[in-house]
Amino acid sequence: MEFAELIKTPRVDNVVLHRPFYPAVEGTLCLTGHHLILSSRQDNTEELWLLHSNIDAIDKRFVGPLGTIIIKCKDFRIIQLDIPGMEECLNIASSIEALSTLDSITLMYPFFYRPMFEVIEDGWHSFLPEQEFELYSSTISEWRLSYVNKEFSVCPSYPPAVIVPKAIDDDALRKVATFRHGGRFPVLSYYHKKNGMVIMRSGQPLTGTNGRRCKEDEKLINATLRAGKRGYIIDTRPLNIAQQARAKGGGFEQEAHYPQWRRIHKSIDRYHILQESLIKLVESCNDQTQNMDRWLSKLEASNWLTHIKEILTTACLAAQCLDREGASILIHGTEGTDSTLQVTSLAQIILEPRSRTIRGFEALIEREWLQAGHPFQQRCAQSAYCNSKQKWESPVFLLFLDCVWQILRQFPCSFEFNENFLIMLFEHAYASQFGTFLGNNESERCKLKLQQKTMSLWSWVNRPSELSKFTNPLFEANNLVIWPSVAPQSLQLWEDSEAYLLK
Amino acid sequence: MEHIRTPKVENVRLVDRISSKKAALGTLYLTATHVIFVETAPDTRKETWILHSQIATIEKQATTATGCPLLIRCKNFQLLQLIIPQERDCHDVYISLIRLARPVKYEELYCFSFNPKLDREEREQGWMLIELSEEYKRMGLPNEYWQLSDVNREYRICDSYPTELYVPKSATAHIIVGSSKFRSRRRFPALSYYYKDNHASICRSSQPLSGFSARCLEDEQMLQAIRKANPGSDFLYVVDTRPKLNAMANRAAGKGYENEDNYSNIKFQFIGIENIHVMRNSLQKMLEVCELKSPSMSDFLWGLENSGWLRHIKAIMDAGIFIAKAVSEEGASVLVHCSDGWDRTAQVCSVASLLLEPHYRTLKGFMVLIEKDWISFGHKFTHRYGNLDGDPREISPVIDQFLECVWQLMEQFPCAFEFNERFLIHIQHHIYSCQFGNFLCNSQKERQELQIQERTYSLWAHLWKNRADYLNPLFRADHSQTRGVLHLPTAPCNFMYKFWNGMYNRFEKGLQPRQSVTDYLMAVKEETQQLEEELEALEERLEKIQKVQLNRTKVRSKQSEPSKHSGFSTSDNSAANTPQDYSGNVKSFPSRSPSQGDEDSALILTQDNLKSSDPDLSANSDQESGVEDLSCRSPSGGECVPSEDSGKDRDSDEAVFLTA
């Protein structure tokens, strides 16, 4: 398919661009295969380059011959274009609509993007699982790197290499995989050097209604416990949801079969509940009426901060069990690809000083989100302005970044990166010239040959000129565990991200 | 002392608000001025001191098996929950505190016994730190339009006004007296702020006694005189800060607001700020939300919304913004009033002045602003802040709201203010503490009669002496955004106004950010300064050594060679040291961050060496640990012990994360 077929009108003159907090600009509007460009053709005036993939929704309005297109972006910006001529306006609108909703991943911009910068370090090789394991290997003798999933045959959403207890062989892993949702058998997420305790993550056990059990699964989990020690299983779902899951073949670990483990249920919401929360939040942020009256209740009704509080609380609980109780932990929800990852990665932010550095945070995203199979493609397909109500669209990753921001705000000197770094990651997760966040898991990324065909976000970010924008000047390496406050008084709306208008 | 029934109670427990499981055992003392709780734990012996004047309410709760709980709420938002073993003791403490917290005469207040060990001269100088006459001079007054009037000498016309007032030159004594008779409590229009750039001014007064139809020629002339004192504009704004309904209701009582038809060329405007009773209730509701034990996000946001507090803050800010815009953009003068013109008027005039005038955004300028718009113009401190036993319906957080407006502005303009949040918090504390005389009484006249300046100390001198604690390291006086008028976004967003956690929860350390950017930056700044001083000292020494070396080489030309490589370790025998090494290392010090310094043995060596030779610089090592102190606090936030592993707080963590 040629992009030209979709572009009904490639160019319109005398278009006026309105953006919040900027003066209006008049110029020429151009459509390319991947960008919407507005240029005033004057020196010193900023041009607009907008990726079509960043467009969440568009509205059209007509007043006489003047057409107006309102573009709502996935990064929450709202842009208005005044286009003279109804036909041009209609053509532009339908072209944008078509170009911003292309089905095929391989038509996305990262496959066409040619970097203008010199690649110093190929980001695709910056955080190999082997290297990450290497960092641990001197301290952990009970664990091994397994390639049981080399062909993605055991678990399609896992990477080829995973860290598992040494005592468990690959055959056993294959058996355990059949007992866990999506084949996601328990793997190592984090090793706490201080006391040798670990965080593991997995999918829910497929106990079903008749209480199925799996000896290998029990053995695997118990292999992580020291003699006489107990562990905690944190189920991110409330008990009733976990019980209901049994009817669909899922379930939770029965005490009788896992006597050394204590189960804790939390309630982190998922899917469209989060998406609706985001939609409501952005809607109330965009409400320009100068009336304080309903603002706080609208904020409350969006539930966004409630989600933040719940996720942070669960992560703190996990960190506390590990660091204070000296217990190992297994975390899962249903699939183990969303709330599970929020909790495991935030727990590491709290516990592990390295994850608060730029490099370490990138490694964390690589390990706990990309490799761990968070379905970015599905979750970030649409943002706050969509009305498709697809179950799989959900701002899970944004909530994670928001939680990191909350901790950063409470410990402003303990992070090597700043708020801009988090915002940048959010933007690239939703629309990017880089291939890093394409696809839903490693298997898909391999098939797409992203490493050969696209550029890694890390190749760009990790250059000194970019890094300087994301570095926190207050940073002072802090080797301590940082315990954030999760009280409502201590949590704030992340306005710079949520309300893009302020930027 | 006669009010203290029992001076000491043992085995009292102080309950931790965040996790009620934890309570500190200790002894409770009552003194003439303070309630003191001393923990028994031998390693801490932590002391909690509460001034009687800070006590807002005392609540005795039902006796339980463990003892008799006593809840003390303070005006600075501290909340103390004590459990006293014996009911009888609890009752005695309760009765004593009830009396001690509500003194009946000024002489009982702390400021009359507080002695900071300053001599008389220092005390007098302290009071002279802030001079309002200087401030009017700074504004450019008197000038061809404004003059100092002595019509209120000996408080002849208005006893709640100061004696020195600026009025338009064309306003004769006859006009002023006539106008004062037509205004509530005779608070006639007088100058609050003069905007040099365009001659526009902010004047203030109380409401006119217009009733339904009354007029007063002199009052009309007074407003005209104010308008004419600003030749750049042909009209005058009259801003009534009350809701229209309230103002209309006042007409029935013979008061009211200006009729546009009677006054020539005025533009009349209502700005609905609620009265002191609404504000008092609103704060009460908000504090109830703060007191909730582990509230959910919804509880908190709903409570905050229902309290209406942030809505009221926004109303005050909106009024200030309106006036600042009228003055700076339209070049029009503004007359502001509410009912009596000492609460909302003070809030609004000072917010507008703060937006207009960079001087008020400095440490000293802010003291001047409070002195001018609040203290001199007769804001009723004693009534509003309940310093003496009185009508509880007079109490209202009027100046608290102003301080919060300033904080909200600081959040919007982090580089525009010379002072930091702590400065506001300490001012708030002392408005209630009665430790200094500044905020005593309800008017200048009363203060003079009580001879406050002769008998008490000034807070401003105290704050000024400790100003290093109150500086904002981000302050940039010369930045385009911070120079001149502060411009808020044209379409203010709702989320501009935030809950001030640092004020209302300031004693809940666990709810505060665990690291302070301000403290960190100040430490870095101080350290940089110290290192620069060191550099200077070393360079001086270097010069001397070079001279000595030069002389020596002249004497024994080749013998000094071997010592050239001895480097830092021998720097104590300074003469033997080599200049080249010194300067090479020394030069790079200031550019280093403290953290790098830690690993740099060369730096540490130098500091050690310097310590031994120059005791003045020994503060250096403290400085570094000071930076470390900021790093991490225990989750319950009990105290700022920078322990590697704050294991003691296990219980509290659980409480926080499990119950939440």
# chains A, B, ... in the order shown; residues from 1 in each chain; ligands from 1
>>> residues_around(residues="Glu305 of chain B", least_positions_apart="3", cutoff="7 Å", atoms="only C-alpha atoms", output="PyMOL selection string")
(chain A and resi 296-297) or (chain B and resi 301-302+308)
>>> interface_residues(of="chain A", to="chain B", cutoff="9 Å", atoms="only C-alpha atoms", output="number ranges by chain")
A: 21, 285-297, 299-301, 303, 305-306, 309-310, 312-314, 316-317, 320, 324-325, 407, 409-414, 474, 476-493, 495, 502
>>> residues_around(residues="segment 388-400 of chain A", least_positions_apart="6", cutoff="9 Å", atoms="only C-alpha atoms", output="number ranges by chain")
A: 270-276, 278, 304, 307-308, 311-312, 338-339, 341-343, 345-346, 369, 374-382, 425-426, 429
>>> write_last_selection(atoms="N, CA and C atoms", output="mmCIF file, in the first residue's frame")
data_model
loop_
_atom_site.group_PDB
_atom_site.id
_atom_site.type_symbol
_atom_site.label_atom_id
_atom_site.label_comp_id
_atom_site.auth_asym_id
_atom_site.auth_seq_id
_atom_site.Cartn_x
_atom_site.Cartn_y
_atom_site.Cartn_z
ATOM 1 N N ARG A 270 -7.908 -2.998 36.628
ATOM 2 C CA ARG A 270 -7.248 -3.258 35.356
ATOM 3 C C ARG A 270 -8.120 -2.794 34.195
ATOM 4 N N TYR A 271 -7.511 -2.934 33.000
ATOM 5 C CA TYR A 271 -8.249 -2.756 31.752
ATOM 6 C C TYR A 271 -9.011 -1.451 31.659
ATOM 7 N N HIS A 272 -10.256 -1.592 31.168
ATOM 8 C CA HIS A 272 -11.046 -0.403 30.846
ATOM 9 C C HIS A 272 -11.366 0.435 32.074
ATOM 10 N N ILE A 273 -11.319 -0.152 33.258
ATOM 11 C CA ILE A 273 -11.584 0.657 34.459
ATOM 12 C C ILE A 273 -10.535 1.755 34.552
ATOM 13 N N LEU A 274 -9.299 1.385 34.267
ATOM 14 C CA LEU A 274 -8.222 2.375 34.299
ATOM 15 C C LEU A 274 -8.364 3.354 33.144
ATOM 16 N N GLN A 275 -8.729 2.822 31.980
ATOM 17 C CA GLN A 275 -8.877 3.689 30.816
ATOM 18 C C GLN A 275 -9.971 4.731 31.066
ATOM 19 N N GLU A 276 -11.081 4.272 31.638
ATOM 20 C CA GLU A 276 -12.154 5.217 31.932
ATOM 21 C C GLU A 276 -11.715 6.250 32.961
ATOM 22 N N LEU A 278 -8.718 7.401 33.310
ATOM 23 C CA LEU A 278 -7.890 8.371 32.600
ATOM 24 C C LEU A 278 -8.749 9.332 31.777
ATOM 25 N N TRP A 304 -8.474 8.367 39.666
ATOM 26 C CA TRP A 304 -7.079 8.200 39.241
ATOM 27 C C TRP A 304 -6.143 8.086 40.446
ATOM 28 N N HIS A 307 -6.337 4.832 42.241
ATOM 29 C CA HIS A 307 -5.541 3.774 41.609
ATOM 30 C C HIS A 307 -4.073 3.925 41.986
ATOM 31 N N ILE A 308 -3.584 5.160 41.933
ATOM 32 C CA ILE A 308 -2.188 5.416 42.296
ATOM 33 C C ILE A 308 -1.909 4.922 43.712
ATOM 34 N N ILE A 311 -1.890 1.040 43.952
ATOM 35 C CA ILE A 311 -0.705 0.420 43.344
ATOM 36 C C ILE A 311 0.514 0.656 44.241
ATOM 37 N N LEU A 312 0.676 1.888 44.689
ATOM 38 C CA LEU A 312 1.824 2.210 45.546
ATOM 39 C C LEU A 312 1.773 1.418 46.854
ATOM 40 N N ASP A 338 0.182 -6.981 33.881
ATOM 41 C CA ASP A 338 -0.194 -5.589 34.107
ATOM 42 C C ASP A 338 0.052 -5.158 35.554
ATOM 43 N N SER A 339 -0.938 -5.379 36.410
ATOM 44 C CA SER A 339 -0.776 -4.946 37.800
ATOM 45 C C SER A 339 0.429 -5.638 38.432
ATOM 46 N N LEU A 341 3.235 -6.325 37.078
ATOM 47 C CA LEU A 341 4.465 -5.623 36.713
ATOM 48 C C LEU A 341 4.551 -4.264 37.387
ATOM 49 N N GLN A 342 3.404 -3.633 37.575
ATOM 50 C CA GLN A 342 3.421 -2.358 38.314
ATOM 51 C C GLN A 342 4.015 -2.589 39.706
ATOM 52 N N VAL A 343 3.578 -3.653 40.330
ATOM 53 C CA VAL A 343 4.008 -3.907 41.706
ATOM 54 C C VAL A 343 5.477 -4.334 41.755
ATOM 55 N N SER A 345 7.875 -3.768 39.662
ATOM 56 C CA SER A 345 8.838 -2.727 39.287
ATOM 57 C C SER A 345 8.881 -1.604 40.322
ATOM 58 N N LEU A 346 7.729 -1.264 40.899
ATOM 59 C CA LEU A 346 7.757 -0.208 41.931
ATOM 60 C C LEU A 346 8.465 -0.687 43.196
ATOM 61 N N TRP A 369 9.078 -4.697 32.005
ATOM 62 C CA TRP A 369 7.944 -4.325 31.166
ATOM 63 C C TRP A 369 8.056 -4.929 29.775
ATOM 64 N N HIS A 374 4.646 -6.996 28.898
ATOM 65 C CA HIS A 374 3.509 -6.089 29.010
ATOM 66 C C HIS A 374 3.069 -5.734 27.588
ATOM 67 N N PRO A 375 1.814 -5.969 27.232
ATOM 68 C CA PRO A 375 1.387 -5.765 25.840
ATOM 69 C C PRO A 375 1.244 -4.285 25.477
ATOM 70 N N PHE A 376 2.360 -3.620 25.246
ATOM 71 C CA PHE A 376 2.341 -2.183 24.954
ATOM 72 C C PHE A 376 1.450 -1.851 23.754
ATOM 73 N N GLN A 377 1.579 -2.658 22.709
ATOM 74 C CA GLN A 377 0.823 -2.385 21.484
ATOM 75 C C GLN A 377 -0.676 -2.276 21.767
ATOM 76 N N GLN A 378 -1.167 -3.215 22.556
ATOM 77 C CA GLN A 378 -2.595 -3.210 22.876
ATOM 78 C C GLN A 378 -2.937 -2.112 23.877
ATOM 79 N N ARG A 379 -2.159 -2.029 24.946
ATOM 80 C CA ARG A 379 -2.495 -1.112 26.041
ATOM 81 C C ARG A 379 -2.434 0.349 25.601
ATOM 82 N N CYS A 380 -1.466 0.659 24.741
ATOM 83 C CA CYS A 380 -1.253 2.058 24.370
ATOM 84 C C CYS A 380 -1.816 2.393 22.997
ATOM 85 N N ALA A 381 -2.711 1.555 22.500
ATOM 86 C CA ALA A 381 -3.280 1.819 21.183
ATOM 87 C C ALA A 381 -4.055 3.129 21.182
ATOM 88 N N GLN A 382 -4.729 3.397 22.271
ATOM 89 C CA GLN A 382 -5.495 4.632 22.377
ATOM 90 C C GLN A 382 -5.240 5.237 23.735
ATOM 91 N N LEU A 425 9.246 8.942 28.464
ATOM 92 C CA LEU A 425 8.908 7.518 28.331
ATOM 93 C C LEU A 425 7.422 7.339 28.031
ATOM 94 N N PHE A 426 6.615 8.139 28.694
ATOM 95 C CA PHE A 426 5.171 8.083 28.444
ATOM 96 C C PHE A 426 4.872 8.403 26.984
ATOM 97 N N ALA A 429 5.949 5.610 24.663
ATOM 98 C CA ALA A 429 5.150 4.387 24.770
ATOM 99 C C ALA A 429 3.907 4.488 23.890
#
>>> select_by_dssp(residues="segment 187-220 of chain A", states="strand (DSSP E or B)", output="list in words")
Val187, Leu188, Ser189, Tyr190, Tyr191, His192, Met197, Val198, Ile199, Met200, Arg201 and Pro205 of chain A
>>> select_by_dssp(residues="segment 87-237 of chain B", states="helix (DSSP H, G or I)", output="ChimeraX atom specification")
/B:87-100,106-108,110-112,120-128,132-139,153-155,173-181,184-186,217-228
>>> residues_around(residues="Arg344 of chain B", least_positions_apart="5", cutoff="10 Å", atoms="only C-alpha atoms", output="MDAnalysis selection string")
chainID B and resid 240:242 273:276 316 319 336:339 349:350 379 398:399 401:402
>>> residues_around(residues="Asp170 of chain A", least_positions_apart="5", cutoff="10 Å", atoms="only C-alpha atoms", output="count of residues only")
7
>>> closest_residue(among="B:Glu421, B:Glu454, B:Glu291, B:Asp119", to="Phe436 of chain B", atoms="only C-alpha atoms")
B:Glu454
>>> residues_around(residues="segment 42-58 of chain A", least_positions_apart="6", cutoff="7 Å", atoms="only C-alpha atoms", output="PDB file with C-alpha atoms, in the first residue's frame")
ATOM      1  CA  HIS A  34       3.715   9.694   9.039  1.00  0.00           C
ATOM      2  CA  HIS A  35       3.551  13.334   9.956  1.00  0.00           C
ATOM      3  CA  LEU A  36       1.283  16.287  10.029  1.00  0.00           C
ATOM      4  CA  ILE A  69     -10.168  20.262  12.801  1.00  0.00           C
ATOM      5  CA  ILE A  70      -9.562  19.620  16.465  1.00  0.00           C
ATOM      6  CA  ILE A  71      -6.825  17.066  16.995  1.00  0.00           C
ATOM      7  CA  LYS A  72      -6.656  15.335  20.341  1.00  0.00           C
ATOM      8  CA  CYS A  73      -3.302  13.703  20.934  1.00  0.00           C
ATOM      9  CA  LYS A  74      -2.386  10.638  22.907  1.00  0.00           C
ATOM     10  CA  ILE A  96      -5.486  12.062   9.068  1.00  0.00           C
ATOM     11  CA  LEU A  99      -3.177   7.584   8.549  1.00  0.00           C
ATOM     12  CA  SER A 100      -3.565   7.592  12.310  1.00  0.00           C
ATOM     13  CA  GLN A 382      -5.495   4.632  22.377  1.00  0.00           C
ATOM     14  CA  SER A 383      -5.313   7.209  25.104  1.00  0.00           C
ATOM     15  CA  TYR A 385      -9.715  10.766  24.030  1.00  0.00           C
ATOM     16  CA  CYS A 386     -10.663   7.463  22.518  1.00  0.00           C
ATOM     17  CA  TYR A 430       2.193   5.906  22.901  1.00  0.00           C
ATOM     18  CA  ALA A 431       3.811   7.265  19.733  1.00  0.00           C
TER      19      ALA A 431
END
>>> closest_residue(among="B:Trp146, B:Val12, B:Met139, B:Asp43", to="Leu82 of chain B", atoms="only C-alpha atoms")
B:Val12
>>> atom_distance(atom1="atom CA of His199 of chain B", atom2="atom CA of Glu357 of chain B")
13.7 Å
